[in-house]
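Notes follow the structure.
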Amino acid sequence: MSISKKRAYNSENRNAQAAQTRLRILESAKQLFQSEGFECVTIEKLAQVAEVSIPTVYALFQSKRGVLFALTDEAFPSEEFNALVEEGKREKSAKQRLIITAKLSRQLYDSERTQIDIFQGASLLAPEFKEQQKEREQRRYLRQEEFVKTLMKDKALLEDLSLSQARDIFWAFTGRDLYRMFVVERGWTSDQYENWLAQQLIKTLLRDG
């Protein structure tokens, strides 16, 4: 085996091991956060359960909050998310695009559900965590701009809605809080939430809703 091939092999092997280590830490964190609560779990306890060193946890996630954000970010596989986004972009009907949006929100939050209560509880503990949540929501708001602009360009929005109002409504309805309140707190099924969300988006945003 040539030196270059051996180096490539070793590099691939290290990357695979690092990915497995990262996954093991996240799986351990998920179990610990659920069973003991975010505030009671220490990096030391997490490292012990995941069978890794404490520096390894810090190197991969920087902090306990970094672990929690990684759990939430990776709850829904990016391939699935991107496939639904692309499906929505290809759809010509404004109604169907909003129906796909409701489906996307439902699948995303279903995947995140085990993290939602932990995430909400953790946000009460530290101002900087609330600030991180705020930044996440701001990124979500910005990502939605193109979608709502397309609805306006296609003259699909209600006539008395400004772009800013439409973006605010779209952002609010598709947020985690409504899913949490309806599905987690009030016991709605995911199907009920998805159908309700689709109907509300269509009725509230579209002129022919």
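All residue names refer to the structure tokens as shown: chains lettered A, B, ... in order, residues numbered from 1 in each chain, ligands numbered from 1 in order.
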
Distance query Ala102 of chain A at most 8 Å, only C-alpha atoms, self and fewer than 6 positions along chain excluded, as number ranges by chain = A: 174, 194-195, 197-198

Shell of 10 Å around Ser93 of chain A, only C-alpha atoms, local chain residues under 6 positions omitted, as a PyMOL selection string | chain A and resi 99+151+154+156

For the selection you just gave me, I'd like the residues written to a file as a compact mmCIF listing (two decimals), in the first residue's frame, keeping N, CA, C and O atoms.
```txt
# COMPACT_ATOMS: atom_id res chain seq x y z
N ILE A 99 -49.35 23.43 2.35
CA ILE A 99 -49.62 22.09 2.87
C ILE A 99 -48.30 21.35 3.10
O ILE A 99 -48.12 20.67 4.12
N LEU A 151 -44.74 33.93 -2.64
CA LEU A 151 -46.20 34.00 -2.53
C LEU A 151 -46.69 35.39 -2.95
O LEU A 151 -47.71 35.52 -3.64
N ASP A 154 -46.32 35.90 -6.74
CA ASP A 154 -47.36 35.16 -7.46
C ASP A 154 -48.75 35.73 -7.20
O ASP A 154 -49.75 35.16 -7.67
N ALA A 156 -50.46 35.64 -4.55
CA ALA A 156 -51.26 34.66 -3.83
C ALA A 156 -51.67 35.14 -2.45
O ALA A 156 -52.65 34.65 -1.88
```

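The coordinates place atom CA of Leu178 of chain A at 10.8 Å from atom CA of Trp196 of chain A.
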
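Atom CA of Ala70 of chain A lies 15.9 Å from atom CA of Arg139 of chain A.
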
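You will find atom CA of Lys64 of chain A at 6.4 Å from atom CA of Ile43 of chain A.
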
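Taking only C-alpha atoms into account, Gln31 of chain A lies nearest to A:Leu68 out of the set A:Val184, A:Leu98, A:Leu68, A:Met152.
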
Mind listing the helix (DSSP H, G or I) residues of segment 35-115 of chain A, per DSSP on the backbone, as an NGL selection string?
-> :A and (35-36 or 38-40 or 43-50 or 54-61 or 64-73 or 78-90 or 94-115)

Any idea what's packed within 10 Å of Leu163 of chain A, counting only C-alpha atoms, ignoring anything in its chain fewer than 3 positions away? Could you give it as JSON, numbers by chain?
-> {"A": [145, 148, 149, 151, 152, 157, 160, 166, 167, 168, 169]}

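Residues within 10 Å of Glu27 of chain A, counting only C-alpha atoms and excluding same-chain residues fewer than 6 positions away, are Thr21, Val49, Ala50 and Leu71 of chain A.
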